[in-house]
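> Dropping in model-v2.pdb, with PDB, C-alpha atoms, pLDDT in the B column.
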```pdb
MODEL        1
ATOM      1  CA  MET F  25     -12.004   0.397 -19.472  1.00 87.00           C
ATOM      2  CA  TYR F  26     -12.660   2.540 -22.497  1.00 87.00           C
ATOM      3  CA  ALA F  27     -15.165   3.233 -25.250  1.00 90.00           C
ATOM      4  CA  HIS F  28     -14.771   5.307 -28.376  1.00 90.00           C
ATOM      5  CA  GLY F  29     -17.039   7.266 -30.647  1.00 88.00           C
ATOM      6  CA  THR F  30     -18.190  10.742 -31.562  1.00 87.00           C
ATOM      7  CA  ASP F  31     -21.422  10.952 -29.533  1.00 89.00           C
ATOM      8  CA  PRO F  32     -20.868  11.494 -25.784  1.00 89.00           C
ATOM      9  CA  ARG F  33     -24.271   9.999 -24.925  1.00 90.00           C
ATOM     10  CA  ALA F  34     -23.522   6.790 -26.825  1.00 92.00           C
ATOM     11  CA  ILE F  35     -20.093   6.550 -25.201  1.00 92.00           C
ATOM     12  CA  VAL F  36     -21.547   6.980 -21.706  1.00 92.00           C
ATOM     13  CA  SER F  37     -24.199   4.368 -22.503  1.00 93.00           C
ATOM     14  CA  VAL F  38     -21.571   1.820 -23.571  1.00 94.00           C
ATOM     15  CA  LEU F  39     -19.407   2.633 -20.531  1.00 92.00           C
ATOM     16  CA  SER F  40     -22.395   2.302 -18.228  1.00 93.00           C
ATOM     17  CA  ASP F  41     -23.298  -1.136 -19.619  1.00 93.00           C
ATOM     18  CA  ASN F  42     -19.707  -2.374 -19.452  1.00 93.00           C
ATOM     19  CA  LEU F  43     -19.194  -0.953 -15.968  1.00 93.00           C
ATOM     20  CA  GLU F  44     -22.354  -2.698 -14.772  1.00 93.00           C
ATOM     21  CA  LYS F  45     -21.203  -6.049 -16.208  1.00 94.00           C
ATOM     22  CA  PHE F  46     -17.745  -5.594 -14.714  1.00 94.00           C
ATOM     23  CA  ASN F  47     -19.240  -4.681 -11.346  1.00 93.00           C
ATOM     24  CA  ASP F  48     -21.427  -7.820 -11.410  1.00 94.00           C
ATOM     25  CA  TRP F  49     -18.380  -9.981 -12.147  1.00 96.00           C
ATOM     26  CA  CYS F  50     -16.366  -8.291  -9.388  1.00 94.00           C
ATOM     27  CA  THR F  51     -19.191  -8.716  -6.875  1.00 93.00           C
ATOM     28  CA  GLU F  52     -19.552 -12.420  -7.736  1.00 95.00           C
ATOM     29  CA  ASN F  53     -15.819 -12.885  -7.167  1.00 96.00           C
ATOM     30  CA  GLY F  54     -15.654 -10.937  -3.901  1.00 95.00           C
ATOM     31  CA  LEU F  55     -13.914  -7.888  -5.384  1.00 94.00           C
ATOM     32  CA  PRO F  56     -16.302  -4.982  -4.863  1.00 90.00           C
ATOM     33  CA  ILE F  57     -15.657  -1.754  -6.801  1.00 90.00           C
ATOM     34  CA  SER F  58     -15.524   1.429  -4.748  1.00 90.00           C
ATOM     35  CA  ALA F  59     -17.593   3.899  -6.765  1.00 87.00           C
ATOM     36  CA  ASN F  60     -16.284   6.764  -4.606  1.00 89.00           C
ATOM     37  CA  LYS F  61     -12.744   6.083  -5.843  1.00 90.00           C
ATOM     38  CA  THR F  62     -13.715   5.565  -9.494  1.00 90.00           C
ATOM     39  CA  GLN F  63     -13.252   8.358 -12.028  1.00 91.00           C
ATOM     40  CA  PHE F  64     -13.629   8.816 -15.771  1.00 90.00           C
ATOM     41  CA  MET F  65     -12.246  11.120 -18.455  1.00 91.00           C
ATOM     42  CA  PHE F  66     -13.106  11.903 -22.060  1.00 89.00           C
ATOM     43  CA  PHE F  67     -10.159  12.245 -24.447  1.00 90.00           C
ATOM     44  CA  HIS F  68     -10.829  14.538 -27.383  1.00 87.00           C
ATOM     45  CA  LYS F  69      -9.403  17.120 -29.769  1.00 85.00           C
ATOM     46  CA  ALA F  70      -8.733  20.537 -28.261  1.00 84.00           C
ATOM     47  CA  ASN F  71     -11.403  22.313 -30.303  1.00 83.00           C
ATOM     48  CA  ASP F  72     -14.107  19.619 -29.958  1.00 79.00           C
ATOM     49  CA  THR F  73     -16.988  21.228 -28.056  1.00 80.00           C
ATOM     50  CA  LYS F  74     -19.198  18.087 -27.946  1.00 81.00           C
ATOM     51  CA  PHE F  75     -17.447  16.885 -24.819  1.00 82.00           C
ATOM     52  CA  ARG F  76     -17.943  19.990 -22.670  1.00 80.00           C
ATOM     53  CA  GLN F  77     -21.310  18.776 -21.400  1.00 83.00           C
ATOM     54  CA  VAL F  78     -21.638  15.012 -21.124  1.00 86.00           C
ATOM     55  CA  PRO F  79     -24.177  12.772 -19.390  1.00 88.00           C
ATOM     56  CA  GLU F  80     -23.357  11.622 -15.889  1.00 91.00           C
ATOM     57  CA  LEU F  81     -22.068   8.112 -15.281  1.00 92.00           C
ATOM     58  CA  TYR F  82     -23.334   6.058 -12.330  1.00 91.00           C
ATOM     59  CA  LEU F  83     -22.324   2.842 -10.600  1.00 90.00           C
ATOM     60  CA  ASN F  84     -24.872   1.319  -8.205  1.00 86.00           C
ATOM     61  CA  GLY F  85     -26.604   4.688  -7.899  1.00 87.00           C
ATOM     62  CA  THR F  86     -23.365   6.512  -7.067  1.00 91.00           C
ATOM     63  CA  LYS F  87     -22.215   9.203  -9.464  1.00 92.00           C
ATOM     64  CA  ILE F  88     -18.785   8.551 -10.990  1.00 92.00           C
ATOM     65  CA  GLU F  89     -16.617  11.675 -10.914  1.00 92.00           C
ATOM     66  CA  ARG F  90     -15.500  13.141 -14.238  1.00 91.00           C
ATOM     67  CA  VAL F  91     -11.915  14.398 -14.087  1.00 91.00           C
ATOM     68  CA  PHE F  92     -10.010  16.681 -16.432  1.00 90.00           C
ATOM     69  CA  SER F  93      -6.539  15.654 -15.329  1.00 90.00           C
ATOM     70  CA  PHE F  94      -4.954  12.698 -13.574  1.00 88.00           C
ATOM     71  CA  LYS F  95      -1.485  11.534 -12.691  1.00 88.00           C
ATOM     72  CA  TYR F  96      -0.401   8.202 -14.164  1.00 87.00           C
ATOM     73  CA  LEU F  97       3.130   6.859 -13.683  1.00 92.00           C
ATOM     74  CA  GLY F  98       4.325  10.362 -12.758  1.00 86.00           C
ATOM     75  CA  ILE F  99       2.824  12.082 -15.819  1.00 85.00           C
ATOM     76  CA  TYR F 100      -0.194  14.376 -15.669  1.00 88.00           C
ATOM     77  CA  ILE F 101      -2.626  13.435 -18.443  1.00 89.00           C
ATOM     78  CA  GLU F 102      -5.304  15.774 -19.761  1.00 89.00           C
ATOM     79  CA  PRO F 103      -8.245  15.204 -22.145  1.00 85.00           C
ATOM     80  CA  THR F 104      -6.471  16.840 -25.107  1.00 84.00           C
ATOM     81  CA  PHE F 105      -2.997  15.407 -24.408  1.00 84.00           C
ATOM     82  CA  SER F 106      -1.566  18.938 -24.247  1.00 84.00           C
ATOM     83  CA  PHE F 107       0.623  18.008 -21.227  1.00 83.00           C
ATOM     84  CA  MET F 108       0.412  21.628 -20.033  1.00 84.00           C
ATOM     85  CA  LYS F 109      -0.299  20.630 -16.423  1.00 84.00           C
ATOM     86  CA  HIS F 110       2.667  18.247 -16.511  1.00 82.00           C
ATOM     87  CA  TYR F 111       4.872  20.981 -18.002  1.00 82.00           C
ATOM     88  CA  ASP F 112       3.752  23.439 -15.305  1.00 85.00           C
ATOM     89  CA  LYS F 113       4.502  20.944 -12.516  1.00 85.00           C
ATOM     90  CA  VAL F 114       7.963  20.102 -13.892  1.00 82.00           C
ATOM     91  CA  ASN F 115       8.732  23.772 -14.520  1.00 82.00           C
ATOM     92  CA  SER F 116       7.728  24.619 -10.944  1.00 84.00           C
ATOM     93  CA  ARG F 117       9.979  21.892  -9.491  1.00 81.00           C
ATOM     94  CA  VAL F 118      12.942  22.916 -11.661  1.00 80.00           C
ATOM     95  CA  SER F 119      12.485  26.590 -10.741  1.00 82.00           C
ATOM     96  CA  SER F 120      12.335  25.683  -7.077  1.00 81.00           C
ATOM     97  CA  CYS F 121      15.536  23.616  -7.291  1.00 78.00           C
ATOM     98  CA  LEU F 122      17.362  26.351  -9.191  1.00 78.00           C
ATOM     99  CA  GLY F 123      16.247  28.892  -6.597  1.00 82.00           C
ATOM    100  CA  LYS F 124      17.672  26.729  -3.813  1.00 80.00           C
ATOM    101  CA  LEU F 125      20.939  26.307  -5.709  1.00 79.00           C
ATOM    102  CA  TYR F 126      21.122  30.066  -6.239  1.00 79.00           C
ATOM    103  CA  GLY F 127      20.667  30.588  -2.491  1.00 82.00           C
ATOM    104  CA  VAL F 128      23.529  28.288  -1.506  1.00 83.00           C
ATOM    105  CA  ARG F 129      25.944  29.078  -4.359  1.00 80.00           C
ATOM    106  CA  LYS F 130      27.897  31.659  -2.356  1.00 83.00           C
ATOM    107  CA  HIS F 131      28.594  29.047   0.336  1.00 86.00           C
ATOM    108  CA  LEU F 132      30.035  26.489  -2.092  1.00 86.00           C
ATOM    109  CA  PRO F 133      33.464  26.340  -3.688  1.00 89.00           C
ATOM    110  CA  VAL F 134      33.732  27.506  -7.306  1.00 88.00           C
ATOM    111  CA  LYS F 135      34.498  23.961  -8.465  1.00 90.00           C
ATOM    112  CA  VAL F 136      31.285  22.607  -6.910  1.00 87.00           C
ATOM    113  CA  ASN F 137      29.262  25.459  -8.453  1.00 82.00           C
ATOM    114  CA  LYS F 138      30.650  24.610 -11.896  1.00 84.00           C
ATOM    115  CA  ILE F 139      29.725  20.942 -11.436  1.00 86.00           C
ATOM    116  CA  LEU F 140      26.191  21.885 -10.385  1.00 80.00           C
ATOM    117  CA  ILE F 141      25.772  24.237 -13.346  1.00 77.00           C
ATOM    118  CA  LYS F 142      26.936  21.532 -15.764  1.00 79.00           C
ATOM    119  CA  ALA F 143      24.625  18.981 -14.164  1.00 79.00           C
ATOM    120  CA  CYS F 144      21.653  21.354 -14.450  1.00 72.00           C
ATOM    121  CA  SER F 145      22.421  22.174 -18.075  1.00 68.00           C
ATOM    122  CA  LEU F 146      22.454  18.453 -18.934  1.00 66.00           C
ATOM    123  CA  CYS F 147      18.978  18.040 -17.448  1.00 62.00           C
ATOM    124  CA  LEU F 148      17.412  20.853 -19.467  1.00 58.00           C
TER     125      LEU F 148
ENDMDL
END
```
Would you mind writing the structure in this file as structure tokens?

Amino acid sequence: MYAHGTDPRAIVSVLSDNLEKFNDWCTENGLPISANKTQFMFFHKANDTKFRQVPELYLNGTKIERVFSFKYLGIYIEPTFSFMKHYDKVNSRVSSCLGKLYGVRKHLPVKVNKILIKACSLCL
């Protein structure tokens, strides 16, 4: 579910109304929404200060958590689409793998080391 605009209060108002209608429909059809597992995020430009402080969003009296990053299909998404968290996670995994390869390189034949180096260079 999404809403767009430039005023955070208006956006939260629209989201609140739509979330309430959706919750009513789900309840009528035996599909209750777990407010504890529901989160929301504002997407905005990096230098837009309007979205630092936004009104709280509630569902059935339970506060919906505002998040500043979430993982979707293996990619970390942030409000400004900078992908810095995703880059940091990938960089950390690659560094870890390279460190492990460096540790075992002396135990592997030269031919295998060359294959591993070529494989790593293709991935970067």
> Applied to this file, what does the PyMOL selection byres ((chain F and resi 58-73) around 9) return in terms of residues, put as a ChimeraX atom specification?
/F:32,56-57,74-77,81-84,86-94,102-106
> Hey, what's within 10 Å of F:Asn42 if we count only C-alpha atoms and toss same-chain stuff fewer than 4 positions away? As number ranges by chain, please?
F: 25-27, 36-38, 46-48
> Output the selection as a compact mmCIF listing (two decimals), keeping the file's coordinate frame - C-alpha atoms for each residue.

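Printed below is again.txt as written:
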```txt
# COMPACT_ATOMS: atom_id res chain seq x y z
CA MET F 25 -12.00 0.40 -19.47
CA TYR F 26 -12.66 2.54 -22.50
CA ALA F 27 -15.16 3.23 -25.25
CA VAL F 36 -21.55 6.98 -21.71
CA SER F 37 -24.20 4.37 -22.50
CA VAL F 38 -21.57 1.82 -23.57
CA PHE F 46 -17.74 -5.59 -14.71
CA ASN F 47 -19.24 -4.68 -11.35
CA ASP F 48 -21.43 -7.82 -11.41
```
> To one decimal place in Å, what is the distance between atom CA of F:Cys144 and atom CA of F:Val114?
13.8 Å
> Name the residues that the PyMOL selection byres ((chain F and resi 110) around 12) picks from the file above, as an mmCIF file with C-alpha atoms, in the coordinates of the input, using the file's chain letters and numbers.

```
data_model
loop_
_atom_site.group_PDB
_atom_site.id
_atom_site.type_symbol
_atom_site.label_atom_id
_atom_site.label_comp_id
_atom_site.auth_asym_id
_atom_site.auth_seq_id
_atom_site.Cartn_x
_atom_site.Cartn_y
_atom_site.Cartn_z
ATOM 1 C CA SER F 93 -6.539 15.654 -15.329
ATOM 2 C CA PHE F 94 -4.954 12.698 -13.574
ATOM 3 C CA LYS F 95 -1.485 11.534 -12.691
ATOM 4 C CA TYR F 96 -0.401 8.202 -14.164
ATOM 5 C CA LEU F 97 3.130 6.859 -13.683
ATOM 6 C CA GLY F 98 4.325 10.362 -12.758
ATOM 7 C CA ILE F 99 2.824 12.082 -15.819
ATOM 8 C CA TYR F 100 -0.194 14.376 -15.669
ATOM 9 C CA ILE F 101 -2.626 13.435 -18.443
ATOM 10 C CA GLU F 102 -5.304 15.774 -19.761
ATOM 11 C CA PHE F 105 -2.997 15.407 -24.408
ATOM 12 C CA SER F 106 -1.566 18.938 -24.247
ATOM 13 C CA PHE F 107 0.623 18.008 -21.227
ATOM 14 C CA MET F 108 0.412 21.628 -20.033
ATOM 15 C CA LYS F 109 -0.299 20.630 -16.423
ATOM 16 C CA TYR F 111 4.872 20.981 -18.002
ATOM 17 C CA ASP F 112 3.752 23.439 -15.305
ATOM 18 C CA LYS F 113 4.502 20.944 -12.516
ATOM 19 C CA VAL F 114 7.963 20.102 -13.892
ATOM 20 C CA ASN F 115 8.732 23.772 -14.520
ATOM 21 C CA SER F 116 7.728 24.619 -10.944
ATOM 22 C CA ARG F 117 9.979 21.892 -9.491
#
```
> Give me, please, the distance in Å between atom CA of F:Val134 and atom CA of F:Ser119, quoted to one decimal.
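Atom-to-atom, atom CA of F:Val134 and atom CA of F:Ser119 are spaced 21.5 Å apart.
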> Using the chain letters and numbers from the file, give me the residues hit by the PyMOL selection byres ((chain F and resi 125) around 12), as a ChimeraX atom specification.
/F:118-124,126-132,136-141,143-144
> Would you compute the distance between atom CA of F:Gly29 and atom CA of F:Val78? Give it in Å to one decimal.
13.1 Å
> Reconstruct N, CA and C atoms of stretch 65-85 of chain F from the incomplete input and present them as a CSV table (one decimal), in the coordinates of the input.

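And here's out04.csv as it stands now:
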```csv
chain,number,residue,atom,x,y,z
F,65,MET,N,-12.7,10.0,-17.7
F,65,MET,CA,-12.2,11.1,-18.5
F,65,MET,C,-12.6,10.9,-19.9
F,66,PHE,N,-12.9,11.9,-20.6
F,66,PHE,CA,-13.1,11.9,-22.1
F,66,PHE,C,-11.9,12.5,-22.7
F,67,PHE,N,-11.3,11.7,-23.7
F,67,PHE,CA,-10.2,12.2,-24.4
F,67,PHE,C,-10.7,12.7,-25.8
F,68,HIS,N,-10.3,13.9,-26.2
F,68,HIS,CA,-10.8,14.5,-27.4
F,68,HIS,C,-9.9,15.6,-27.9
F,69,LYS,N,-10.2,16.1,-29.2
F,69,LYS,CA,-9.4,17.1,-29.8
F,69,LYS,C,-9.6,18.4,-29.0
F,70,ALA,N,-8.7,19.3,-29.0
F,70,ALA,CA,-8.7,20.5,-28.3
F,70,ALA,C,-9.9,21.4,-28.6
F,71,ASN,N,-10.3,21.4,-29.9
F,71,ASN,CA,-11.4,22.3,-30.3
F,71,ASN,C,-12.8,21.6,-30.4
F,72,ASP,N,-12.9,20.4,-29.9
F,72,ASP,CA,-14.1,19.6,-30.0
F,72,ASP,C,-15.0,20.0,-28.8
F,73,THR,N,-16.1,20.7,-29.1
F,73,THR,CA,-17.0,21.2,-28.1
F,73,THR,C,-18.1,20.2,-27.6
F,74,LYS,N,-18.2,19.1,-28.3
F,74,LYS,CA,-19.2,18.1,-27.9
F,74,LYS,C,-19.0,17.5,-26.5
F,75,PHE,N,-17.8,17.6,-26.1
F,75,PHE,CA,-17.4,16.9,-24.8
F,75,PHE,C,-17.4,17.8,-23.6
F,76,ARG,N,-17.9,19.1,-23.8
F,76,ARG,CA,-17.9,20.0,-22.7
F,76,ARG,C,-19.0,19.6,-21.7
F,77,GLN,N,-20.2,19.3,-22.2
F,77,GLN,CA,-21.3,18.8,-21.4
F,77,GLN,C,-21.6,17.3,-21.8
F,78,VAL,N,-21.4,16.4,-20.8
F,78,VAL,CA,-21.6,15.0,-21.1
F,78,VAL,C,-22.6,14.5,-20.1
F,79,PRO,N,-23.3,13.4,-20.4
F,79,PRO,CA,-24.2,12.8,-19.4
F,79,PRO,C,-23.4,12.2,-18.2
F,80,GLU,N,-24.0,12.1,-17.1
F,80,GLU,CA,-23.4,11.6,-15.9
F,80,GLU,C,-23.3,10.1,-16.0
F,81,LEU,N,-22.3,9.6,-15.3
F,81,LEU,CA,-22.1,8.1,-15.3
F,81,LEU,C,-22.3,7.6,-13.8
F,82,TYR,N,-23.0,6.6,-13.7
F,82,TYR,CA,-23.3,6.1,-12.3
F,82,TYR,C,-22.9,4.6,-12.2
F,83,LEU,N,-22.6,4.2,-11.0
F,83,LEU,CA,-22.3,2.8,-10.6
F,83,LEU,C,-23.1,2.6,-9.3
F,84,ASN,N,-24.0,1.7,-9.4
F,84,ASN,CA,-24.9,1.3,-8.2
F,84,ASN,C,-25.5,2.6,-7.6
F,85,GLY,N,-26.0,3.5,-8.4
F,85,GLY,CA,-26.6,4.7,-7.9
F,85,GLY,C,-25.7,5.8,-7.4
```
